[in-house]
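Dumped data38.txt below, it's compact mmCIF, N, CA and C atoms:
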# COMPACT_ATOMS: atom_id res chain seq x y z
N VAL A 634 93.03 98.54 96.67
CA VAL A 634 94.26 97.99 96.12
C VAL A 634 93.98 97.32 94.78
N GLU A 635 92.86 96.63 94.69
CA GLU A 635 92.52 95.97 93.43
C GLU A 635 92.27 96.96 92.30
N GLN A 636 91.88 98.17 92.64
CA GLN A 636 91.58 99.17 91.61
C GLN A 636 92.78 100.04 91.25
N ALA A 637 93.92 99.77 91.85
CA ALA A 637 95.11 100.56 91.54
C ALA A 637 95.45 100.44 90.06
N PRO A 638 95.99 101.50 89.48
CA PRO A 638 96.39 101.44 88.07
C PRO A 638 97.42 100.34 87.85
N ALA A 639 97.43 99.81 86.66
CA ALA A 639 98.39 98.75 86.31
C ALA A 639 99.80 99.23 86.60
N GLY A 640 100.57 98.41 87.30
CA GLY A 640 101.95 98.72 87.59
C GLY A 640 102.16 99.64 88.78
N PHE A 641 101.10 100.11 89.40
CA PHE A 641 101.24 101.02 90.53
C PHE A 641 101.96 100.30 91.67
N GLY A 642 103.03 100.90 92.15
CA GLY A 642 103.82 100.33 93.22
C GLY A 642 104.92 99.40 92.77
N SER A 643 105.06 99.22 91.47
CA SER A 643 106.00 98.21 90.96
C SER A 643 107.44 98.70 90.77
N GLU A 644 107.66 100.01 90.89
CA GLU A 644 109.01 100.55 90.72
C GLU A 644 109.41 101.42 91.91
N PRO A 645 109.55 100.81 93.10
CA PRO A 645 109.82 101.61 94.30
C PRO A 645 111.18 102.30 94.29
N ASP A 646 112.10 101.88 93.44
CA ASP A 646 113.39 102.55 93.34
C ASP A 646 113.32 103.81 92.49
N VAL A 647 112.25 103.94 91.72
CA VAL A 647 112.10 105.08 90.80
C VAL A 647 111.04 106.07 91.30
N PHE A 648 109.97 105.55 91.88
CA PHE A 648 108.84 106.38 92.28
C PHE A 648 108.46 106.17 93.75
N ARG A 649 107.87 107.21 94.32
CA ARG A 649 107.19 107.11 95.61
C ARG A 649 105.71 107.02 95.30
N TYR A 650 105.04 106.13 95.96
CA TYR A 650 103.63 105.88 95.70
C TYR A 650 102.79 106.20 96.93
N ASP A 651 101.75 106.98 96.74
CA ASP A 651 100.85 107.33 97.82
C ASP A 651 99.40 107.13 97.36
N VAL A 652 98.56 106.82 98.33
CA VAL A 652 97.14 106.65 98.05
C VAL A 652 96.39 107.67 98.90
N LEU A 653 95.57 108.47 98.25
CA LEU A 653 94.79 109.49 98.92
C LEU A 653 93.36 108.99 99.03
N PHE A 654 92.91 108.81 100.25
CA PHE A 654 91.56 108.30 100.50
C PHE A 654 90.66 109.46 100.92
N PRO A 655 89.65 109.78 100.12
CA PRO A 655 88.74 110.86 100.51
C PRO A 655 87.81 110.39 101.62
N LEU A 656 87.49 111.30 102.52
CA LEU A 656 86.54 111.02 103.59
C LEU A 656 85.17 111.52 103.14
N PRO A 657 84.16 110.66 103.19
CA PRO A 657 82.82 111.07 102.74
C PRO A 657 82.37 112.34 103.47
N PRO A 658 81.68 113.19 102.75
CA PRO A 658 81.04 113.00 101.45
C PRO A 658 81.93 113.36 100.25
N VAL A 659 83.18 113.71 100.48
CA VAL A 659 84.09 114.05 99.39
C VAL A 659 84.38 112.81 98.55
N THR A 660 84.50 113.00 97.25
CA THR A 660 84.79 111.88 96.35
C THR A 660 86.23 111.96 95.84
N SER A 661 86.72 110.84 95.33
CA SER A 661 88.08 110.82 94.79
C SER A 661 88.20 111.76 93.58
N THR A 662 87.14 111.90 92.81
CA THR A 662 87.15 112.83 91.67
C THR A 662 87.33 114.27 92.15
N GLU A 663 86.69 114.62 93.25
CA GLU A 663 86.84 115.97 93.81
C GLU A 663 88.27 116.20 94.29
N VAL A 664 88.84 115.19 94.93
CA VAL A 664 90.23 115.31 95.40
C VAL A 664 91.16 115.51 94.22
N LEU A 665 91.01 114.70 93.19
CA LEU A 665 91.85 114.83 92.01
C LEU A 665 91.74 116.22 91.40
N GLY A 666 90.54 116.76 91.39
CA GLY A 666 90.32 118.10 90.84
C GLY A 666 91.04 119.21 91.60
N GLU A 667 91.36 118.97 92.86
CA GLU A 667 92.05 119.96 93.68
C GLU A 667 93.57 119.81 93.64
N LEU A 668 94.05 118.67 93.20
CA LEU A 668 95.49 118.41 93.19
C LEU A 668 96.19 119.22 92.10
N ARG A 669 97.36 119.67 92.44
CA ARG A 669 98.23 120.29 91.43
C ARG A 669 99.35 119.29 91.17
N LEU A 670 99.67 119.10 89.92
CA LEU A 670 100.71 118.14 89.55
C LEU A 670 101.86 118.87 88.87
N ARG A 671 103.06 118.51 89.22
CA ARG A 671 104.23 119.08 88.54
C ARG A 671 104.60 118.15 87.40
N GLU A 672 104.60 118.70 86.20
CA GLU A 672 104.91 117.91 85.01
C GLU A 672 106.31 117.31 85.14
N GLY A 673 106.42 116.04 84.79
CA GLY A 673 107.70 115.34 84.85
C GLY A 673 108.03 114.81 86.23
N VAL A 674 107.19 115.12 87.23
CA VAL A 674 107.43 114.67 88.60
C VAL A 674 106.23 113.86 89.11
N ASP A 675 105.05 114.45 89.01
CA ASP A 675 103.84 113.88 89.60
C ASP A 675 102.88 113.32 88.55
N THR A 676 102.24 112.23 88.91
CA THR A 676 101.09 111.73 88.15
C THR A 676 100.06 111.27 89.16
N ALA A 677 98.80 111.36 88.77
CA ALA A 677 97.72 110.93 89.65
C ALA A 677 96.61 110.34 88.80
N GLU A 678 96.02 109.28 89.33
CA GLU A 678 94.88 108.64 88.65
C GLU A 678 93.79 108.43 89.68
N VAL A 679 92.58 108.63 89.23
CA VAL A 679 91.44 108.51 90.13
C VAL A 679 90.87 107.09 90.06
N GLY A 680 90.53 106.58 91.21
CA GLY A 680 89.82 105.32 91.33
C GLY A 680 88.49 105.59 91.99
N GLU A 681 87.69 104.58 92.13
CA GLU A 681 86.37 104.76 92.73
C GLU A 681 86.46 105.24 94.18
N HIS A 682 87.44 104.72 94.93
CA HIS A 682 87.55 105.04 96.35
C HIS A 682 88.85 105.72 96.75
N ALA A 683 89.70 106.05 95.79
CA ALA A 683 91.00 106.62 96.12
C ALA A 683 91.61 107.31 94.91
N VAL A 684 92.60 108.15 95.22
CA VAL A 684 93.43 108.75 94.18
C VAL A 684 94.82 108.14 94.34
N TYR A 685 95.37 107.65 93.26
CA TYR A 685 96.68 106.99 93.25
C TYR A 685 97.71 107.99 92.74
N PHE A 686 98.62 108.37 93.62
CA PHE A 686 99.57 109.45 93.34
C PHE A 686 100.98 108.87 93.27
N ARG A 687 101.68 109.22 92.22
CA ARG A 687 103.05 108.74 92.02
C ARG A 687 103.95 109.95 91.79
N ARG A 688 105.11 109.95 92.46
CA ARG A 688 106.07 111.04 92.25
C ARG A 688 107.46 110.46 92.04
N LEU A 689 108.19 111.06 91.16
CA LEU A 689 109.54 110.64 90.82
C LEU A 689 110.45 110.86 92.03
N THR A 690 111.07 109.81 92.52
CA THR A 690 111.90 109.88 93.72
C THR A 690 113.04 110.89 93.55
N ALA A 691 113.69 110.88 92.41
CA ALA A 691 114.83 111.77 92.18
C ALA A 691 114.44 113.25 92.24
N ARG A 692 113.16 113.54 92.04
CA ARG A 692 112.69 114.93 92.08
C ARG A 692 111.56 115.11 93.10
N ALA A 693 111.52 114.26 94.10
CA ALA A 693 110.42 114.26 95.07
C ALA A 693 110.27 115.60 95.78
N THR A 694 111.36 116.31 95.99
CA THR A 694 111.26 117.61 96.67
C THR A 694 110.52 118.64 95.82
N GLN A 695 110.39 118.38 94.53
CA GLN A 695 109.66 119.27 93.64
C GLN A 695 108.19 118.88 93.50
N SER A 696 107.80 117.79 94.11
CA SER A 696 106.43 117.30 94.02
C SER A 696 105.45 118.29 94.63
N GLN A 697 104.28 118.34 94.09
CA GLN A 697 103.23 119.22 94.59
C GLN A 697 102.40 118.56 95.70
N LEU A 698 102.64 117.28 96.00
CA LEU A 698 101.83 116.59 97.00
C LEU A 698 101.90 117.28 98.36
N SER A 699 103.06 117.74 98.76
CA SER A 699 103.19 118.37 100.08
C SER A 699 102.36 119.64 100.19
N ARG A 700 102.02 120.26 99.08
CA ARG A 700 101.21 121.48 99.10
C ARG A 700 99.73 121.20 99.34
N LEU A 701 99.37 119.94 99.30
CA LEU A 701 97.98 119.57 99.56
C LEU A 701 97.53 120.03 100.95
N VAL A 702 98.44 120.04 101.90
CA VAL A 702 98.08 120.43 103.27
C VAL A 702 97.61 121.88 103.35
N GLN A 703 97.91 122.68 102.36
CA GLN A 703 97.51 124.08 102.34
C GLN A 703 96.10 124.29 101.77
N LEU A 704 95.53 123.23 101.22
CA LEU A 704 94.22 123.33 100.57
C LEU A 704 93.11 122.90 101.51
N PRO A 705 91.94 123.52 101.41
CA PRO A 705 90.81 123.13 102.26
C PRO A 705 90.44 121.65 102.14
N ILE A 706 90.61 121.05 100.97
CA ILE A 706 90.24 119.66 100.76
C ILE A 706 91.06 118.71 101.63
N TYR A 707 92.22 119.16 102.08
CA TYR A 707 93.11 118.30 102.89
C TYR A 707 92.42 117.78 104.14
N GLN A 708 91.51 118.54 104.70
CA GLN A 708 90.79 118.11 105.90
C GLN A 708 89.87 116.93 105.63
N ASN A 709 89.64 116.64 104.36
CA ASN A 709 88.74 115.55 103.98
C ASN A 709 89.46 114.41 103.28
N VAL A 710 90.77 114.30 103.55
CA VAL A 710 91.59 113.28 102.89
C VAL A 710 92.53 112.66 103.92
N THR A 711 92.73 111.36 103.80
CA THR A 711 93.79 110.72 104.55
C THR A 711 94.74 110.09 103.53
N ILE A 712 96.03 110.19 103.77
CA ILE A 712 97.03 109.75 102.81
C ILE A 712 97.87 108.65 103.44
N ARG A 713 98.08 107.59 102.68
CA ARG A 713 98.95 106.50 103.11
C ARG A 713 99.87 106.13 101.96
N ASN A 714 101.12 105.79 102.28
CA ASN A 714 101.99 105.34 101.20
C ASN A 714 101.55 103.93 100.78
N TRP A 715 102.03 103.50 99.64
CA TRP A 715 101.58 102.23 99.07
C TRP A 715 101.91 101.05 99.98
N ASN A 716 103.09 101.07 100.58
CA ASN A 716 103.46 99.96 101.47
C ASN A 716 102.50 99.85 102.65
N THR A 717 102.15 100.97 103.23
CA THR A 717 101.22 100.98 104.35
C THR A 717 99.84 100.52 103.90
N THR A 718 99.42 100.97 102.74
CA THR A 718 98.12 100.59 102.20
C THR A 718 98.02 99.08 102.03
N THR A 719 99.03 98.48 101.43
CA THR A 719 98.98 97.04 101.21
C THR A 719 99.14 96.27 102.52
N LYS A 720 99.90 96.81 103.46
CA LYS A 720 100.04 96.17 104.76
C LYS A 720 98.71 96.20 105.52
N LEU A 721 98.01 97.32 105.50
CA LEU A 721 96.71 97.41 106.15
C LEU A 721 95.73 96.42 105.53
N LEU A 722 95.77 96.29 104.22
CA LEU A 722 94.91 95.30 103.56
C LEU A 722 95.21 93.90 104.05
N SER A 723 96.47 93.56 104.17
CA SER A 723 96.83 92.22 104.63
C SER A 723 96.37 92.00 106.07
N LEU A 724 96.40 93.03 106.89
CA LEU A 724 95.95 92.90 108.28
C LEU A 724 94.45 92.66 108.39
N VAL A 725 93.68 93.36 107.56
CA VAL A 725 92.23 93.18 107.64
C VAL A 725 91.75 91.96 106.86
N SER A 726 92.61 91.42 106.03
CA SER A 726 92.25 90.24 105.21
C SER A 726 92.51 88.93 105.94
N THR A 727 93.24 88.97 107.06
CA THR A 727 93.57 87.73 107.76
C THR A 727 92.60 87.45 108.87
Take the structure in the file and write it out as structure tokens.
Amino acid sequence: VEQAPAGFGSEPDVFRYDVLFPLPPVTSTEVLGELRLREGVDTAEVGEHAVYFRRLTARATQSQLSRLVQLPIYQNVTIRNWNTTTKLLSLVST
């Protein structure tokens, strides 16, 4: 969560935010390399331990994120939305 890009999760009315956590030995850079992004809809940034994926809510049905399940790398990734990610952090931090 601390490594999330600046402003990530700050516009929930405009964007859907997801965090893709690679399962070792896969790295976040490898996951990012496999992602397909739709211009004007999807953006993704790599962090040390996760890929931060943002998609425009108004065009979410056009997002390429759902196609990740068709790729072999999907078996080495777990995905959580931003709200769940921050909630899990609060649970383990208390």
Contacts of stretch 643-660 of chain A within 6.5 Å, only N, CA and C atoms, excl. fewer than 2 positions in-chain, as a PyMOL selection string: chain A and resi 640-641+662-665+682-691+709-716
Helix (DSSP H, G or I) residues, from DSSP on the backbone, in chain A, as a short mmCIF file (atom, residue, chain, number, x, y, z; two decimals) with N, CA and C atoms, in the coordinates of the input:
data_model
loop_
_atom_site.label_atom_id
_atom_site.label_comp_id
_atom_site.auth_asym_id
_atom_site.auth_seq_id
_atom_site.Cartn_x
_atom_site.Cartn_y
_atom_site.Cartn_z
N SER A 661 86.72 110.84 95.33
CA SER A 661 88.08 110.82 94.79
C SER A 661 88.20 111.76 93.58
N THR A 662 87.14 111.90 92.81
CA THR A 662 87.15 112.83 91.67
C THR A 662 87.33 114.27 92.15
N GLU A 663 86.69 114.62 93.25
CA GLU A 663 86.84 115.97 93.81
C GLU A 663 88.27 116.20 94.29
N VAL A 664 88.84 115.19 94.93
CA VAL A 664 90.23 115.31 95.40
C VAL A 664 91.16 115.51 94.22
N LEU A 665 91.01 114.70 93.19
CA LEU A 665 91.85 114.83 92.01
C LEU A 665 91.74 116.22 91.40
N GLY A 666 90.54 116.76 91.39
CA GLY A 666 90.32 118.10 90.84
C GLY A 666 91.04 119.21 91.60
N GLU A 667 91.36 118.97 92.86
CA GLU A 667 92.05 119.96 93.68
C GLU A 667 93.57 119.81 93.64
N THR A 690 111.07 109.81 92.52
CA THR A 690 111.90 109.88 93.72
C THR A 690 113.04 110.89 93.55
N ALA A 691 113.69 110.88 92.41
CA ALA A 691 114.83 111.77 92.18
C ALA A 691 114.44 113.25 92.24
N ARG A 692 113.16 113.54 92.04
CA ARG A 692 112.69 114.93 92.08
C ARG A 692 111.56 115.11 93.10
N ALA A 693 111.52 114.26 94.10
CA ALA A 693 110.42 114.26 95.07
C ALA A 693 110.27 115.60 95.78
N THR A 694 111.36 116.31 95.99
CA THR A 694 111.26 117.61 96.67
C THR A 694 110.52 118.64 95.82
N GLN A 695 110.39 118.38 94.53
CA GLN A 695 109.66 119.27 93.64
C GLN A 695 108.19 118.88 93.50
N LEU A 698 102.64 117.28 96.00
CA LEU A 698 101.83 116.59 97.00
C LEU A 698 101.90 117.28 98.36
N SER A 699 103.06 117.74 98.76
CA SER A 699 103.19 118.37 100.08
C SER A 699 102.36 119.64 100.19
N ARG A 700 102.02 120.26 99.08
CA ARG A 700 101.21 121.48 99.10
C ARG A 700 99.73 121.20 99.34
N LEU A 701 99.37 119.94 99.30
CA LEU A 701 97.98 119.57 99.56
C LEU A 701 97.53 120.03 100.95
N VAL A 702 98.44 120.04 101.90
CA VAL A 702 98.08 120.43 103.27
C VAL A 702 97.61 121.88 103.35
N GLN A 703 97.91 122.68 102.36
CA GLN A 703 97.51 124.08 102.34
C GLN A 703 96.10 124.29 101.77
N PRO A 705 91.94 123.52 101.41
CA PRO A 705 90.81 123.13 102.26
C PRO A 705 90.44 121.65 102.14
N ILE A 706 90.61 121.05 100.97
CA ILE A 706 90.24 119.66 100.76
C ILE A 706 91.06 118.71 101.63
N TYR A 707 92.22 119.16 102.08
CA TYR A 707 93.11 118.30 102.89
C TYR A 707 92.42 117.78 104.14
N GLN A 708 91.51 118.54 104.70
CA GLN A 708 90.79 118.11 105.90
C GLN A 708 89.87 116.93 105.63
N ASN A 709 89.64 116.64 104.36
CA ASN A 709 88.74 115.55 103.98
C ASN A 709 89.46 114.41 103.28
N TRP A 715 102.03 103.50 99.64
CA TRP A 715 101.58 102.23 99.07
C TRP A 715 101.91 101.05 99.98
N ASN A 716 103.09 101.07 100.58
CA ASN A 716 103.46 99.96 101.47
C ASN A 716 102.50 99.85 102.65
N THR A 717 102.15 100.97 103.23
CA THR A 717 101.22 100.98 104.35
C THR A 717 99.84 100.52 103.90
N THR A 718 99.42 100.97 102.74
CA THR A 718 98.12 100.59 102.20
C THR A 718 98.02 99.08 102.03
N THR A 719 99.03 98.48 101.43
CA THR A 719 98.98 97.04 101.21
C THR A 719 99.14 96.27 102.52
N LYS A 720 99.90 96.81 103.46
CA LYS A 720 100.04 96.17 104.76
C LYS A 720 98.71 96.20 105.52
N LEU A 721 98.01 97.32 105.50
CA LEU A 721 96.71 97.41 106.15
C LEU A 721 95.73 96.42 105.53
N LEU A 722 95.77 96.29 104.22
CA LEU A 722 94.91 95.30 103.56
C LEU A 722 95.21 93.90 104.05
N SER A 723 96.47 93.56 104.17
CA SER A 723 96.83 92.22 104.63
C SER A 723 96.37 92.00 106.07
N LEU A 724 96.40 93.03 106.89
CA LEU A 724 95.95 92.90 108.28
C LEU A 724 94.45 92.66 108.39
N VAL A 725 93.68 93.36 107.56
CA VAL A 725 92.23 93.18 107.64
C VAL A 725 91.75 91.96 106.86
N SER A 726 92.61 91.42 106.03
CA SER A 726 92.25 90.24 105.21
C SER A 726 92.51 88.93 105.94
#
Computed gap from atom C of A:Leu698 to atom N of A:Ala637 is 20.3 Å
Using only N, CA and C atoms, the residue out of A:Leu701, A:Gly642, A:Gly680, A:Thr718 with shortest distance to A:Leu668 is A:Leu701
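The two atoms in question, atom C of A:Gly666 and atom CA of A:Glu678, are spaced 11.6 Å apart.
Of the listed residues (A:Ser661, A:Ala639, A:Glu667, A:Lys720), A:Glu667 comes nearest to A:Pro705; the distances count only C-alpha atoms.
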Filtered DSSP result for chain A, state strand (DSSP E or B), as a short mmCIF file (atom, residue, chain, number, x, y, z; two decimals) with N, CA and C atoms, in the coordinates of the input:
data_model
loop_
_atom_site.label_atom_id
_atom_site.label_comp_id
_atom_site.auth_asym_id
_atom_site.auth_seq_id
_atom_site.Cartn_x
_atom_site.Cartn_y
_atom_site.Cartn_z
N PHE A 648 109.97 105.55 91.88
CA PHE A 648 108.84 106.38 92.28
C PHE A 648 108.46 106.17 93.75
N ARG A 649 107.87 107.21 94.32
CA ARG A 649 107.19 107.11 95.61
C ARG A 649 105.71 107.02 95.30
N TYR A 650 105.04 106.13 95.96
CA TYR A 650 103.63 105.88 95.70
C TYR A 650 102.79 106.20 96.93
N ASP A 651 101.75 106.98 96.74
CA ASP A 651 100.85 107.33 97.82
C ASP A 651 99.40 107.13 97.36
N VAL A 652 98.56 106.82 98.33
CA VAL A 652 97.14 106.65 98.05
C VAL A 652 96.39 107.67 98.90
N LEU A 653 95.57 108.47 98.25
CA LEU A 653 94.79 109.49 98.92
C LEU A 653 93.36 108.99 99.03
N PHE A 654 92.91 108.81 100.25
CA PHE A 654 91.56 108.30 100.50
C PHE A 654 90.66 109.46 100.92
N PRO A 655 89.65 109.78 100.12
CA PRO A 655 88.74 110.86 100.51
C PRO A 655 87.81 110.39 101.62
N ASP A 675 105.05 114.45 89.01
CA ASP A 675 103.84 113.88 89.60
C ASP A 675 102.88 113.32 88.55
N THR A 676 102.24 112.23 88.91
CA THR A 676 101.09 111.73 88.15
C THR A 676 100.06 111.27 89.16
N ALA A 677 98.80 111.36 88.77
CA ALA A 677 97.72 110.93 89.65
C ALA A 677 96.61 110.34 88.80
N GLU A 678 96.02 109.28 89.33
CA GLU A 678 94.88 108.64 88.65
C GLU A 678 93.79 108.43 89.68
N VAL A 679 92.58 108.63 89.23
CA VAL A 679 91.44 108.51 90.13
C VAL A 679 90.87 107.09 90.06
N VAL A 684 92.60 108.15 95.22
CA VAL A 684 93.43 108.75 94.18
C VAL A 684 94.82 108.14 94.34
N TYR A 685 95.37 107.65 93.26
CA TYR A 685 96.68 106.99 93.25
C TYR A 685 97.71 107.99 92.74
N PHE A 686 98.62 108.37 93.62
CA PHE A 686 99.57 109.45 93.34
C PHE A 686 100.98 108.87 93.27
N ARG A 687 101.68 109.22 92.22
CA ARG A 687 103.05 108.74 92.02
C ARG A 687 103.95 109.95 91.79
N ARG A 688 105.11 109.95 92.46
CA ARG A 688 106.07 111.04 92.25
C ARG A 688 107.46 110.46 92.04
N LEU A 689 108.19 111.06 91.16
CA LEU A 689 109.54 110.64 90.82
C LEU A 689 110.45 110.86 92.03
N VAL A 710 90.77 114.30 103.55
CA VAL A 710 91.59 113.28 102.89
C VAL A 710 92.53 112.66 103.92
N THR A 711 92.73 111.36 103.80
CA THR A 711 93.79 110.72 104.55
C THR A 711 94.74 110.09 103.53
N ILE A 712 96.03 110.19 103.77
CA ILE A 712 97.03 109.75 102.81
C ILE A 712 97.87 108.65 103.44
N ARG A 713 98.08 107.59 102.68
CA ARG A 713 98.95 106.50 103.11
C ARG A 713 99.87 106.13 101.96
N ASN A 714 101.12 105.79 102.28
CA ASN A 714 101.99 105.34 101.20
C ASN A 714 101.55 103.93 100.78
#
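Using all atoms listed in the file, the smallest distance between any of A:Gln695, A:Gln636, A:Thr727, A:Gln703 and A:Val679 comes from A:Gln636.
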As a check of understanding: the span from atom CA of A:Gly673 to atom C of A:Ser699 is 16.8 Å
